[in-house]
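Student: Got structure.txt for you, compact mmCIF, C-alpha atoms:
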# COMPACT_ATOMS: atom_id res chain seq x y z
CA MET A 291 56.52 -18.01 37.97
CA TRP A 292 55.80 -20.27 35.01
CA HIS A 293 52.23 -20.62 36.18
CA SER A 294 51.66 -16.88 36.40
CA MET A 295 53.21 -16.25 32.95
CA THR A 296 50.91 -18.74 31.21
CA SER A 297 47.75 -18.10 33.21
CA ALA A 298 47.63 -14.38 32.51
CA PRO A 299 47.07 -14.73 28.72
CA ASP A 300 44.62 -17.60 29.45
CA ALA A 301 42.61 -15.33 31.72
CA ARG A 302 42.61 -12.59 29.09
CA ARG A 303 41.47 -15.10 26.46
CA TRP A 304 38.42 -16.06 28.56
CA ARG A 305 37.59 -12.49 29.60
CA LEU A 306 35.67 -11.63 26.40
CA PRO A 307 33.52 -14.81 26.24
CA ALA A 308 32.81 -14.45 29.97
CA ALA A 309 31.74 -10.84 29.49
CA ILE A 310 29.47 -11.84 26.60
CA LEU A 311 27.98 -14.67 28.67
CA LEU A 312 27.39 -12.30 31.60
CA LEU A 313 25.77 -9.79 29.25
CA VAL A 314 23.48 -12.48 27.83
CA VAL A 315 22.50 -13.61 31.34
CA LEU A 316 21.88 -10.04 32.51
CA THR A 317 19.93 -9.20 29.35
CA GLY A 318 17.68 -12.17 30.05
CA CYS A 319 16.92 -10.71 33.51
CA GLY A 320 15.88 -7.23 32.31
CA PRO A 321 12.47 -6.17 31.08
CA SER A 322 11.50 -6.27 27.40
CA THR A 323 11.87 -2.61 26.48
CA VAL A 324 10.21 -0.93 23.51
CA VAL A 325 10.94 2.70 22.66
CA VAL A 326 8.14 3.30 20.17
CA GLN A 327 9.44 4.61 16.85
CA GLY A 328 7.54 5.27 13.68
CA SER A 329 6.73 7.83 11.03
CA PHE A 330 3.40 9.60 10.97
CA PRO A 331 1.95 11.25 7.86
CA PRO A 332 0.37 14.71 7.98
CA PRO A 333 -3.43 14.68 7.76
CA LEU A 334 -5.19 15.39 4.48
CA LEU A 335 -7.66 17.95 5.81
CA ASP A 336 -8.77 21.51 5.30
CA PRO A 337 -7.17 23.17 8.34
CA LEU A 338 -9.54 24.72 10.87
CA PRO A 339 -9.10 28.51 11.01
CA LEU A 340 -7.64 28.46 14.51
CA ARG A 341 -4.35 29.45 16.10
CA MET A 342 -4.18 26.44 18.39
CA GLY A 343 -1.74 26.07 21.26
CA VAL A 344 -0.60 22.70 22.56
CA TRP A 345 0.95 21.84 25.88
CA TYR A 346 2.49 18.45 26.58
CA ASP A 347 3.09 17.94 30.28
CA GLU A 348 6.00 15.87 31.54
CA ALA A 349 3.87 12.76 32.06
CA PHE A 350 2.72 12.91 28.44
CA ALA A 351 6.00 13.81 26.74
CA GLY A 352 7.83 11.11 28.71
CA HIS A 353 4.97 8.64 28.80
CA GLU A 354 5.97 5.08 29.52
CA PHE A 355 4.13 1.98 30.57
CA PHE A 356 5.59 -0.70 32.81
CA ASP A 357 4.01 -4.10 33.31
CA GLU A 358 5.46 -6.54 35.79
CA ALA A 359 5.59 -10.21 34.79
CA LYS A 360 2.83 -12.33 36.30
CA SER A 361 4.89 -15.52 36.25
CA ARG A 362 8.51 -16.63 35.87
CA ARG A 363 7.82 -17.67 32.26
CA GLU A 364 6.87 -14.13 31.30
CA SER A 365 9.09 -11.07 31.27
CA ASP A 366 8.50 -7.52 32.48
CA TRP A 367 7.54 -5.03 29.79
CA LEU A 368 8.50 -1.38 29.48
CA VAL A 369 6.84 0.46 26.59
CA LYS A 370 8.03 4.07 26.12
CA THR A 371 5.59 5.99 23.93
CA GLY A 372 6.30 9.61 24.95
CA GLU A 373 8.61 10.61 22.09
CA ALA A 374 6.37 9.02 19.45
CA GLN A 375 3.28 10.61 21.03
CA VAL A 376 4.76 14.10 20.73
CA GLN A 377 5.93 13.40 17.17
CA MET A 378 2.52 12.13 16.07
CA TRP A 379 0.44 14.86 17.77
CA ASN A 380 2.71 17.63 16.45
CA THR A 381 2.31 16.29 12.90
CA LEU A 382 -1.44 15.79 13.23
CA LEU A 383 -2.28 19.08 14.94
CA GLY A 384 0.05 20.95 12.59
CA GLY A 385 -2.13 19.80 9.69
CA MET A 386 -5.46 20.19 11.47
CA PHE A 387 -5.19 23.85 12.43
CA ARG A 388 -4.16 26.96 10.54
CA GLU A 389 -1.34 27.47 13.05
CA LEU A 390 0.03 25.32 15.86
CA VAL A 391 1.89 26.94 18.74
CA GLN A 392 3.96 25.07 21.34
CA MET A 393 3.08 26.73 24.64
CA LYS A 394 5.71 27.74 27.19
CA GLY A 395 3.68 26.33 30.06
CA ARG A 396 0.30 24.96 31.02
CA PRO A 397 -2.24 27.80 30.65
CA GLY A 398 -3.15 29.46 33.92
CA PRO A 399 -3.85 32.91 35.37
CA ASN A 400 -0.18 33.52 36.23
CA GLN A 401 1.41 31.75 33.28
CA MET A 402 2.86 33.99 30.56
CA ASN A 403 2.12 32.35 27.22
CA GLN A 404 1.76 33.09 23.55
CA LEU A 405 -1.55 34.48 22.31
CA VAL A 406 -3.69 31.68 20.84
CA ASP A 407 -7.39 30.87 20.35
CA ALA A 408 -7.27 27.84 22.68
CA VAL A 409 -4.81 25.37 24.15
CA LEU A 410 -5.07 21.60 23.80
CA VAL A 411 -3.62 19.53 26.64
CA PRO A 412 -3.52 15.77 25.88
CA HIS A 413 -3.11 13.07 28.54
CA VAL A 414 -2.67 9.30 28.26
CA ASP A 415 -5.00 8.02 30.98
CA GLU A 416 -4.46 4.34 30.37
CA LEU A 417 -2.49 1.94 28.18
CA GLN A 418 -3.00 -1.79 27.88
CA TYR A 419 -1.19 -4.30 25.73
CA ALA A 420 -1.62 -7.95 24.83
CA ILE A 421 0.85 -10.33 23.25
CA PRO A 422 0.15 -13.86 21.98
CA THR A 423 1.47 -15.47 25.19
CA HIS A 424 -1.27 -13.63 27.12
CA THR A 425 -4.21 -14.31 24.81
CA ASN A 426 -3.33 -17.34 22.63
CA VAL A 427 -4.45 -15.20 19.66
CA LYS A 428 -1.70 -14.55 17.13
CA VAL A 429 -2.09 -10.79 17.35
CA TYR A 430 -0.18 -8.11 19.28
CA GLU A 431 -2.44 -5.35 20.57
CA ILE A 432 -2.13 -1.92 22.16
CA TRP A 433 -5.09 -0.03 23.55
CA MET A 434 -4.92 3.54 24.87
CA ARG A 435 -7.35 5.90 26.47
CA TYR A 436 -6.64 9.61 26.06
CA ARG A 437 -8.13 12.55 27.88
CA PHE A 438 -8.07 15.96 26.26
CA GLU A 439 -8.51 19.35 27.84
CA LEU A 440 -9.25 22.34 25.67
CA LEU A 441 -8.46 25.46 27.66
CA THR A 442 -8.45 29.21 27.23
CA THR A 443 -5.08 30.94 27.57
CA SER A 444 -6.00 31.81 31.15
CA GLY A 445 -6.62 28.13 31.91
CA ASP A 446 -10.44 28.12 31.93
CA PRO A 447 -11.90 24.88 30.57
CA ILE A 448 -13.65 24.93 27.19
CA ALA A 449 -14.00 21.17 26.79
CA ASP A 450 -12.84 17.97 28.44
CA TRP A 451 -13.35 14.61 26.77
CA THR A 452 -11.88 11.13 26.43
CA MET A 453 -11.04 9.09 23.37
CA THR A 454 -9.72 5.58 22.78
CA ALA A 455 -7.22 4.26 20.27
CA TYR A 456 -6.41 0.71 19.26
CA GLY A 457 -3.66 -0.88 17.26
CA LYS A 458 -2.86 -4.46 16.40
CA THR A 459 -0.42 -6.36 14.28
CA PRO A 460 -0.26 -10.05 13.44
CA THR A 461 2.60 -12.33 14.34
CA ALA A 462 5.16 -12.46 11.59
CA PHE A 463 7.98 -14.81 10.80
CA LEU A 464 11.28 -13.69 12.33
CA GLN A 465 9.61 -10.73 14.06
CA SER A 466 10.51 -10.23 17.71
CA ASP A 467 7.91 -9.47 20.39
CA GLU A 468 9.45 -6.00 20.77
CA ALA A 469 9.19 -5.20 17.04
CA ALA A 470 5.59 -6.39 16.96
CA VAL A 471 4.62 -4.34 20.04
CA ASN A 472 6.29 -1.29 18.45
CA LEU A 473 4.29 -1.81 15.26
CA ALA A 474 1.04 -2.26 17.23
CA ALA A 475 1.82 0.99 19.11
CA VAL A 476 2.43 2.86 15.85
CA VAL A 477 -0.91 1.57 14.51
CA ALA A 478 -2.58 2.67 17.77
CA LEU A 479 -1.04 6.15 17.46
CA ARG A 480 -2.24 6.42 13.86
CA ASP A 481 -5.68 5.34 15.05
CA ALA A 482 -5.58 7.98 17.78
CA GLY A 483 -4.79 10.61 15.16
CA ALA A 484 -7.57 9.36 12.86
CA ASN A 485 -10.09 9.32 15.71
CA PHE A 486 -9.13 12.80 16.88
CA ALA A 487 -9.07 14.33 13.38
CA THR A 488 -12.48 12.98 12.43
CA HIS A 489 -14.21 13.64 15.77
CA PHE A 490 -12.72 16.87 17.12
CA THR A 491 -15.45 19.13 15.72
CA ARG A 492 -18.16 16.66 16.84
CA VAL A 493 -17.30 16.92 20.56
CA PRO A 494 -20.39 18.79 21.85
CA GLU A 495 -18.48 21.45 23.88
CA VAL A 496 -15.97 21.98 21.06
CA ARG A 497 -18.79 22.34 18.52
CA GLU A 498 -20.55 24.89 20.76
CA TRP A 499 -17.30 26.80 21.20
CA LEU A 500 -16.61 26.82 17.44
CA GLU A 501 -20.20 27.97 16.75
CA SER A 502 -19.96 30.75 19.35
CA ARG A 503 -16.68 31.90 17.79
CA ALA A 504 -18.28 31.92 14.34
CA THR A 505 -21.24 33.91 15.67
CA THR A 506 -18.99 36.42 17.43
CA ARG A 507 -16.89 36.87 14.31
CA GLY A 508 -20.04 37.19 12.18
CA GLU A 509 -21.37 39.95 14.45
CA ALA A 510 -18.03 41.75 14.49
CA GLU A 511 -17.84 41.80 10.69
CA PRO A 512 -20.04 44.48 9.04
CA MET B 213 28.28 -26.98 -18.12
CA LYS B 214 30.38 -25.10 -15.57
CA PRO B 215 30.41 -26.53 -12.03
CA GLY B 216 28.89 -23.29 -10.63
CA VAL B 217 26.01 -23.40 -13.08
CA LEU B 218 25.51 -27.11 -12.42
CA GLY B 219 25.42 -26.44 -8.68
CA THR B 220 22.82 -23.73 -9.10
CA ALA B 221 20.73 -25.95 -11.37
CA LEU B 222 20.92 -28.81 -8.86
CA LEU B 223 19.97 -26.48 -6.02
CA ALA B 224 17.01 -25.12 -8.00
CA ALA B 225 15.91 -28.66 -8.88
CA THR B 226 16.22 -29.74 -5.24
CA CYS B 227 14.20 -26.72 -4.09
CA THR B 228 11.52 -27.53 -6.67
CA VAL B 229 11.33 -31.15 -5.53
CA LEU B 230 11.39 -30.13 -1.84
CA THR B 231 8.23 -28.08 -2.10
CA GLY B 232 5.05 -29.28 -0.50
CA CYS B 233 1.85 -29.66 -2.52
CA VAL B 234 -0.83 -26.96 -2.47
CA THR B 235 -4.40 -27.13 -3.71
CA ALA B 236 -6.10 -23.86 -4.57
CA THR B 237 -9.64 -22.90 -5.58
CA VAL B 238 -10.72 -19.60 -7.08
CA ASP B 239 -14.34 -18.41 -7.26
CA GLU B 240 -15.36 -15.30 -9.12
CA MET B 241 -18.51 -13.22 -9.17
CA VAL B 242 -18.83 -10.50 -11.78
CA PHE B 243 -21.44 -7.79 -11.25
CA ASN B 244 -20.28 -5.55 -14.08
CA GLU B 245 -18.30 -6.77 -17.05
CA PRO B 246 -14.72 -5.47 -17.05
CA THR B 247 -13.84 -2.74 -19.53
CA GLU B 248 -10.89 -2.82 -21.93
CA GLY B 249 -8.11 -2.38 -19.37
CA ILE B 250 -7.59 0.62 -17.13
CA GLY B 251 -5.60 2.74 -19.57
CA ASP B 252 -3.69 5.57 -17.88
CA SER B 253 -5.47 5.12 -14.58
CA THR B 254 -4.03 3.46 -11.50
CA VAL B 255 -5.19 0.71 -9.21
CA VAL B 256 -4.74 0.42 -5.48
CA ILE B 257 -4.90 -2.79 -3.47
CA LEU B 258 -5.75 -2.43 0.21
CA GLY B 259 -6.06 -4.91 3.07
CA ARG B 260 -9.08 -4.96 5.36
CA ARG B 261 -7.91 -4.59 8.96
CA HIS B 262 -11.02 -4.20 11.07
CA ALA B 263 -11.51 -7.80 12.26
CA SER B 264 -10.58 -8.33 15.89
CA ASP B 265 -8.89 -11.72 15.67
CA TYR B 266 -6.90 -11.55 12.44
CA GLU B 267 -5.41 -9.08 10.03
CA THR B 268 -4.88 -9.27 6.27
CA GLU B 269 -1.12 -9.50 5.96
CA PRO B 270 0.57 -6.43 4.39
CA ASP B 271 3.06 -8.68 2.59
CA PHE B 272 0.18 -10.55 0.92
CA ILE B 273 -1.20 -7.26 -0.40
CA GLN B 274 2.28 -6.37 -1.66
CA CYS B 275 2.58 -9.81 -3.31
CA VAL B 276 -0.72 -9.40 -5.21
CA GLY B 277 0.34 -5.94 -6.39
CA LYS B 278 3.68 -7.27 -7.61
CA ARG B 279 1.99 -10.18 -9.37
CA ILE B 280 -0.32 -7.85 -11.29
CA ALA B 281 2.40 -5.35 -12.16
CA SER B 282 4.80 -8.09 -13.29
CA ARG B 283 2.29 -9.75 -15.63
CA ASP B 284 1.05 -6.52 -17.21
CA ARG B 285 3.64 -3.78 -17.02
CA SER B 286 1.19 -1.18 -18.30
CA ILE B 287 -0.78 -1.38 -15.02
CA GLU B 288 0.35 1.04 -12.34
CA VAL B 289 -0.32 -0.36 -8.87
CA ILE B 290 -0.03 2.16 -6.05
CA GLY B 291 1.62 0.74 -2.93
CA GLU B 292 -0.73 0.23 0.01
CA LEU B 293 1.31 2.19 2.55
CA GLU B 294 1.96 4.99 0.07
CA PHE B 295 -1.79 5.29 -0.58
CA ILE B 296 -2.97 5.22 3.04
CA ASN B 297 -0.22 7.67 4.05
CA ALA B 298 -1.16 10.04 1.24
CA LEU B 299 -4.81 9.91 2.31
CA TYR B 300 -4.32 9.81 6.08
CA PRO B 301 -6.59 9.63 8.11
CA TRP B 302 -9.29 8.46 5.68
CA PHE B 303 -8.16 4.88 5.04
CA GLU B 304 -7.27 3.78 8.56
CA PRO B 305 -9.16 0.72 9.92
CA ARG B 306 -11.49 3.07 11.85
CA THR B 307 -12.27 5.40 8.95
CA ALA B 308 -11.91 3.32 5.77
CA PRO B 309 -14.99 3.19 3.52
CA LEU B 310 -16.88 -0.09 3.85
CA ARG B 311 -19.19 0.35 0.83
CA PRO B 312 -18.56 1.97 -2.57
CA GLN B 313 -21.20 4.59 -1.73
CA ASP B 314 -18.99 5.80 1.15
CA ILE B 315 -16.58 7.19 -1.45
CA ASP B 316 -19.02 10.07 -2.10
CA ARG B 317 -18.84 10.99 1.59
CA LEU B 318 -15.04 10.98 1.38
CA LEU B 319 -14.96 13.15 -1.72
CA LEU B 320 -16.88 15.89 0.09
CA HIS B 321 -13.51 16.74 1.63
CA ARG B 322 -11.81 18.94 -0.95
CA PRO B 323 -8.19 17.82 -0.23
CA VAL B 324 -9.26 14.15 -0.51
CA ALA B 325 -10.99 14.75 -3.85
CA GLU B 326 -7.92 16.58 -5.15
CA LYS B 327 -5.55 13.84 -4.01
CA MET B 328 -7.70 11.09 -5.53
CA ALA B 329 -7.82 12.99 -8.82
CA ALA B 330 -4.03 13.36 -8.74
CA LEU B 331 -3.60 9.63 -8.12
CA ARG B 332 -5.93 8.75 -11.07
CA THR B 333 -7.32 5.73 -9.20
CA GLU B 334 -9.79 3.75 -11.34
CA TYR B 335 -10.10 0.55 -9.32
CA MET B 336 -9.86 0.09 -5.58
CA ILE B 337 -9.42 -3.52 -4.54
CA TRP B 338 -10.06 -4.56 -0.94
CA ILE B 339 -8.60 -7.88 0.16
CA ASP B 340 -9.85 -9.52 3.32
CA GLY B 341 -8.50 -12.77 4.74
CA ASN B 342 -5.42 -14.43 6.10
CA THR B 343 -3.29 -17.55 6.16
CA VAL B 344 -3.40 -19.72 9.25
CA ARG B 345 -1.70 -22.86 10.48
CA THR B 346 -4.56 -25.27 11.08
CA ASP B 347 -2.86 -28.25 12.70
CA SER B 348 0.58 -29.61 13.35
CA ALA B 349 2.07 -32.93 14.46
CA GLY B 350 5.40 -34.58 15.16
CA SER B 351 8.30 -33.64 17.34
CA MET B 352 11.88 -32.62 16.92
CA THR B 353 14.77 -32.50 19.34
CA CYS B 354 17.80 -30.32 18.82
CA GLY B 355 21.00 -30.40 20.82
CA ILE B 356 24.30 -28.60 21.01
CA GLY B 357 27.56 -29.93 22.38
CA PRO B 358 31.33 -29.51 22.09
CA GLY B 359 31.33 -31.75 18.99
CA GLY B 360 28.64 -29.80 17.15
CA ALA B 361 24.91 -29.38 16.93
CA GLY B 362 22.10 -31.32 15.36
CA CYS B 363 18.41 -32.12 15.29
CA PHE B 364 16.44 -35.34 15.05
CA GLY B 365 12.74 -35.85 14.46
CA PHE B 366 9.91 -35.10 12.09
CA GLY B 367 7.32 -32.34 12.01
CA THR B 368 4.39 -31.64 9.77
CA TRP B 369 1.80 -28.87 9.63
CA ASN B 370 -1.08 -27.62 7.52
CA ASN B 371 -1.58 -24.07 6.28
CA ASP B 372 -4.90 -22.74 5.03
CA ALA B 373 -5.25 -19.47 3.14
CA ASN B 374 -8.58 -17.81 2.50
CA TYR B 375 -8.87 -14.41 0.86
CA GLU B 376 -11.65 -12.43 -0.74
CA ALA B 377 -10.97 -9.53 -3.08
CA THR B 378 -13.73 -6.98 -3.61
CA ILE B 379 -13.26 -4.74 -6.63
CA TRP B 380 -14.69 -1.24 -6.61
CA ASP B 381 -14.94 0.88 -9.70
CA PHE B 382 -13.94 4.24 -8.31
CA THR B 383 -15.41 6.30 -11.14
CA ASP B 384 -18.84 4.64 -11.05
CA ARG B 385 -18.82 4.15 -7.23
CA ALA B 386 -19.91 0.56 -7.78
CA GLU B 387 -18.74 -2.89 -6.87
CA VAL B 388 -17.78 -4.68 -10.06
CA GLY B 389 -16.88 -8.11 -8.78
CA ARG B 390 -15.58 -10.40 -6.07
CA ILE B 391 -12.90 -13.04 -6.18
CA ASN B 392 -12.51 -15.64 -3.51
CA THR B 393 -9.47 -17.83 -3.29
CA SER B 394 -8.70 -20.59 -0.87
CA ALA B 395 -5.55 -22.66 -0.78
CA SER B 396 -4.28 -25.32 1.55
CA GLY B 397 -1.15 -27.36 1.75
CA GLN B 398 0.90 -29.55 4.05
CA SER B 399 4.50 -28.82 4.91
CA TYR B 400 7.04 -31.29 6.30
CA MET B 401 10.28 -30.96 8.21
CA PRO B 402 12.30 -34.18 8.59
CA ALA B 403 15.52 -33.79 10.55
CA VAL B 404 18.47 -36.13 10.69
CA VAL B 405 21.21 -33.86 12.06
CA VAL B 406 20.11 -31.09 9.65
CA PRO B 407 16.40 -30.15 9.41
CA ILE B 408 15.16 -30.14 5.81
CA PRO B 409 12.07 -27.95 5.45
CA ILE B 410 9.66 -28.97 2.68
CA ILE B 411 7.39 -25.95 2.70
CA ALA B 412 4.06 -25.77 0.89
CA PRO B 413 3.82 -22.26 -0.58
CA VAL B 414 0.19 -21.78 0.45
CA GLN B 415 0.16 -18.00 0.72
CA GLY B 416 2.19 -17.61 -2.48
CA THR B 417 -0.24 -19.83 -4.40
CA ALA B 418 -3.20 -17.82 -3.09
CA CYS B 419 -1.40 -14.62 -4.10
CA ASP B 420 -0.75 -15.87 -7.64
CA SER B 421 -4.34 -17.15 -8.03
CA ILE B 422 -5.97 -13.93 -6.90
CA GLY B 423 -3.50 -11.79 -8.87
CA ASP B 424 -4.11 -13.71 -12.10
CA GLN B 425 -7.87 -13.46 -11.67
CA LEU B 426 -7.69 -9.73 -10.95
CA LEU B 427 -5.81 -9.24 -14.21
CA GLU B 428 -9.02 -10.17 -16.04
CA PHE B 429 -10.59 -7.04 -14.61
CA LEU B 430 -7.64 -4.75 -14.97
CA SER B 431 -5.78 -5.76 -18.07
CA SER B 432 -6.72 -5.63 -21.73
CA GLU B 433 -4.31 -8.52 -22.41
CA PHE B 434 -6.08 -11.14 -20.28
Could you quickly redo this structure as structure tokens?

Tutor:
Amino acid sequence: MWHSMTSAPDARRWRLPAAILLLVVLTGCGPSTVVVQGSFPPPLLDPLPLRMGVWYDEAFAGHEFFDEAKSRRESDWLVKTGEAQVQMWNTLLGGMFRELVQMKGRPGPNQMNQLVDAVLVPHVDELQYAIPTHTNVKVYEIWMRYRFELLTTSGDPIADWTMTAYGKTPTAFLQSDEAAVNLAAVVALRDAGANFATHFTRVPEVREWLESRATTRGEAEP
Amino acid sequence: MKPGVLGTALLAATCTVLTGCVTATVDEMVFNEPTEGIGDSTVVILGRRHASDYETEPDFIQCVGKRIASRDRSIEVIGELEFINALYPWFEPRTAPLRPQDIDRLLLHRPVAEKMAALRTEYMIWIDGNTVRTDSAGSMTCGIGPGGAGCFGFGTWNNDANYEATIWDFTDRAEVGRINTSASGQSYMPAVVVPIPIIAPVQGTACDSIGDQLLEFLSSEF
């Protein structure tokens, strides 16, 4: 009886440290997770006179990258970029075009959608990252390859092209690997926006399409 | 003297004594003689970020800006992030002008020209370089037990800073000068139970040197 009366408070006293210890051990087992977060400025551009639609498919809007550890000394990595991708592209495209419309579905013959001049469908084809333990260089890097489809509202292709983006950040005192990878990803997203904004009208098919639109409008006007 | 004041004075004196030595060199090339200060105009200090294996540290850029603004309060220094956000995507590593003549190409974009006029930027200063740890020696062992924790050993390392500032006169679209600063210093960390870091402020010395030299271009008081 005496034993049970004294051991119960003892057990309660050790419950919290044990739970913390268990949490620490379990945390050590999980992957290093980065949910990319950042703020993205609107572009300083003269907007193109287009009512542009955009469609983010599930793979893009929820984009994440998982890399399994190669050795016991390394940890798994999970980098979730989807939310930041949508945030950045909405801000960028909103400033690049006279009007940006979020489509209800991917354009196709049977898909009811809003009336727009064209629909942009971005994809992340590939993402690679490097941290100092991989490269022995004191820089964290993120590299992405995008593929863009520019479609008519009925889903016919206007243009299809790829584009790369790169971001890096140096090691910093008291900065965790996760914070540095997040910063590198934000830099890569900014770079993606800069690359897209400055090269969109130089994509040969896009240029042809814009020229044909200008010609058609010129002929229509008296 | 009150004990609190005495304590603070002793701490400050100890910190001063426990600072490693730094040697710094500053070279300057002047292509166009500086004018009598920048008047009502503003100056922006930007870091070059297009090298693959290093990156000019944002905190170094911030330090130089603070140094200039603190020594001549009439000079308005625009923050780096504020400037590149306001002019996104034209000052990203991919798109930033590499020569003063590239400014003309930028100003062809009406919103960019308007923003630059609103910011009243007279001088644009590009800083390229970084601070690296060149070598380190010694060893230290730390332990933790029921009686407490402690470290024993000795460590030493060298830091080298090398930065080059290129000054562009925004109005004349010309490079007016270059300042190169290099600093190096050795830091020590002896540990008998408690580690005592004796840090050589290499980056801080480089920041002060380059900031003071830049004041000769920007300020009418120097």

Student: Counting all atoms listed in the file, figure out which residue out of A:Leu338, A:Leu405, A:Ala482, A:Ala420 gets nearest to Arg437 of chain A.

Tutor: A:Ala482

Student: Please identify all residues of chain A having at least one atom at most 6 Å from any atom of chain B, considering all atoms listed in the file, and return them as a ChimeraX atom specification.

Tutor: /A:331,333-334,484

Student: Could you work out an axis-aligned bounding box for all listed atoms of segment 328-332 of chain A, with 6 Å added on each of the six sides, and give its centre and edge lengths in Å to one decimal, as AutoDock Vina command-line options?

Tutor:
--center_x 4.0 --center_y 10.0 --center_z 10.8 --size_x 19.2 --size_y 21.4 --size_z 17.8

Student: Rounded to one decimal place, report the atom CA of Leu319 of chain B-atom CA of Gly341 of chain B distance in Å.

Tutor: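 Going from atom CA of Leu319 of chain B over to atom CA of Gly341 of chain B covers 27.5 Å.
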
Student: With only C-alpha atoms as the basis for distance, which of A:Thr423, A:Thr443, A:Asn380, A:Ser365 is at the shortest distance from Asn400 of chain A?

Tutor: A:Thr443

Student: Which residues come within 6 Å of Thr371 of chain A, counting all atoms listed in the file, excluding same-chain residues fewer than 2 positions away, as an NGL selection string?

Tutor: :A and (326 or 353-354 or 373-375)

Student: What gap, in Å, lies between atom CA of Met328 of chain B and atom CA of Asp340 of chain B?

Tutor: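 Straight-line distance from atom CA of Met328 of chain B to atom CA of Asp340 of chain B works out to 22.5 Å.
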
Student: Which residue is closest to Gln418 of chain A? Choose from A:Met378, A:Ala474, A:Met386, A:Leu335 and count only C-alpha atoms.

Tutor: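 That would be A:Ala474, the residue with the smallest distance to Gln418 of chain A.
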
Student: If you measure from atom CA of Phe272 of chain B to atom CA of Ser431 of chain B, what distance in Å do you get, rounded to one decimal?

Tutor: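 Computing the Euclidean distance for atom CA of Phe272 of chain B and atom CA of Ser431 of chain B yields 20.5 Å.
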
Student: Find the spatial neighbours of segment 278-291 of chain B, counting all atoms listed in the file, within a cut-off of 9 Å - ignore same-chain residues fewer than 3 positions away - and output them as a list in words.

Tutor: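 Answer for this query is Gly249, Ile250, Gly251, Asp252, Ser253, Thr254, Val255, Val256, Ile257, Leu258, Ile273, Gln274, Cys275, Glu294, Phe295, Ile296, Leu331, Thr333, Cys419, Asp420, Gly423, Asp424, Leu426, Leu427, Leu430, Ser431 and Glu433 of chain B.
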
Student: Excluding Gln327 of chain A and its own-chain neighbours fewer than 2 positions away, which residues fall within 10 Å of it when counting all atoms listed in the file? Please give them as a list in words.

Tutor: Val324, Val325, Ser329, Phe330, Lys370, Thr371, Glu373, Ala374, Gln375, Gln377, Ala469, Asn472, Leu473, Ala475 and Val476 of chain A

Student: Can you complete the atoms of segment 316-327 of chain B to N, CA and C atoms and list them as a compact mmCIF listing (two decimals), keeping the file's coordinate frame?

Tutor:
# COMPACT_ATOMS: atom_id res chain seq x y z
N ASP B 316 -18.43 8.73 -1.91
CA ASP B 316 -19.02 10.07 -2.10
C ASP B 316 -18.83 10.92 -0.84
N ARG B 317 -19.01 10.28 0.31
CA ARG B 317 -18.84 10.99 1.59
C ARG B 317 -17.39 11.47 1.73
N LEU B 318 -16.46 10.62 1.29
CA LEU B 318 -15.04 10.98 1.38
C LEU B 318 -14.70 12.16 0.47
N LEU B 319 -15.31 12.13 -0.72
CA LEU B 319 -14.96 13.15 -1.72
C LEU B 319 -15.55 14.52 -1.39
N LEU B 320 -16.38 14.58 -0.36
CA LEU B 320 -16.88 15.89 0.09
C LEU B 320 -15.73 16.73 0.67
N HIS B 321 -14.68 16.04 1.11
CA HIS B 321 -13.51 16.74 1.63
C HIS B 321 -12.63 17.15 0.44
N ARG B 322 -12.50 18.42 0.23
CA ARG B 322 -11.81 18.94 -0.95
C ARG B 322 -10.38 18.36 -1.11
N PRO B 323 -9.55 18.35 -0.04
CA PRO B 323 -8.19 17.82 -0.23
C PRO B 323 -8.20 16.34 -0.65
N VAL B 324 -9.19 15.58 -0.15
CA VAL B 324 -9.26 14.15 -0.51
C VAL B 324 -9.62 14.02 -1.99
N ALA B 325 -10.59 14.80 -2.43
CA ALA B 325 -10.99 14.75 -3.85
C ALA B 325 -9.82 15.12 -4.75
N GLU B 326 -9.07 16.14 -4.35
CA GLU B 326 -7.92 16.58 -5.15
C GLU B 326 -6.84 15.49 -5.21
N LYS B 327 -6.59 14.89 -4.06
CA LYS B 327 -5.55 13.84 -4.01
C LYS B 327 -5.95 12.63 -4.85
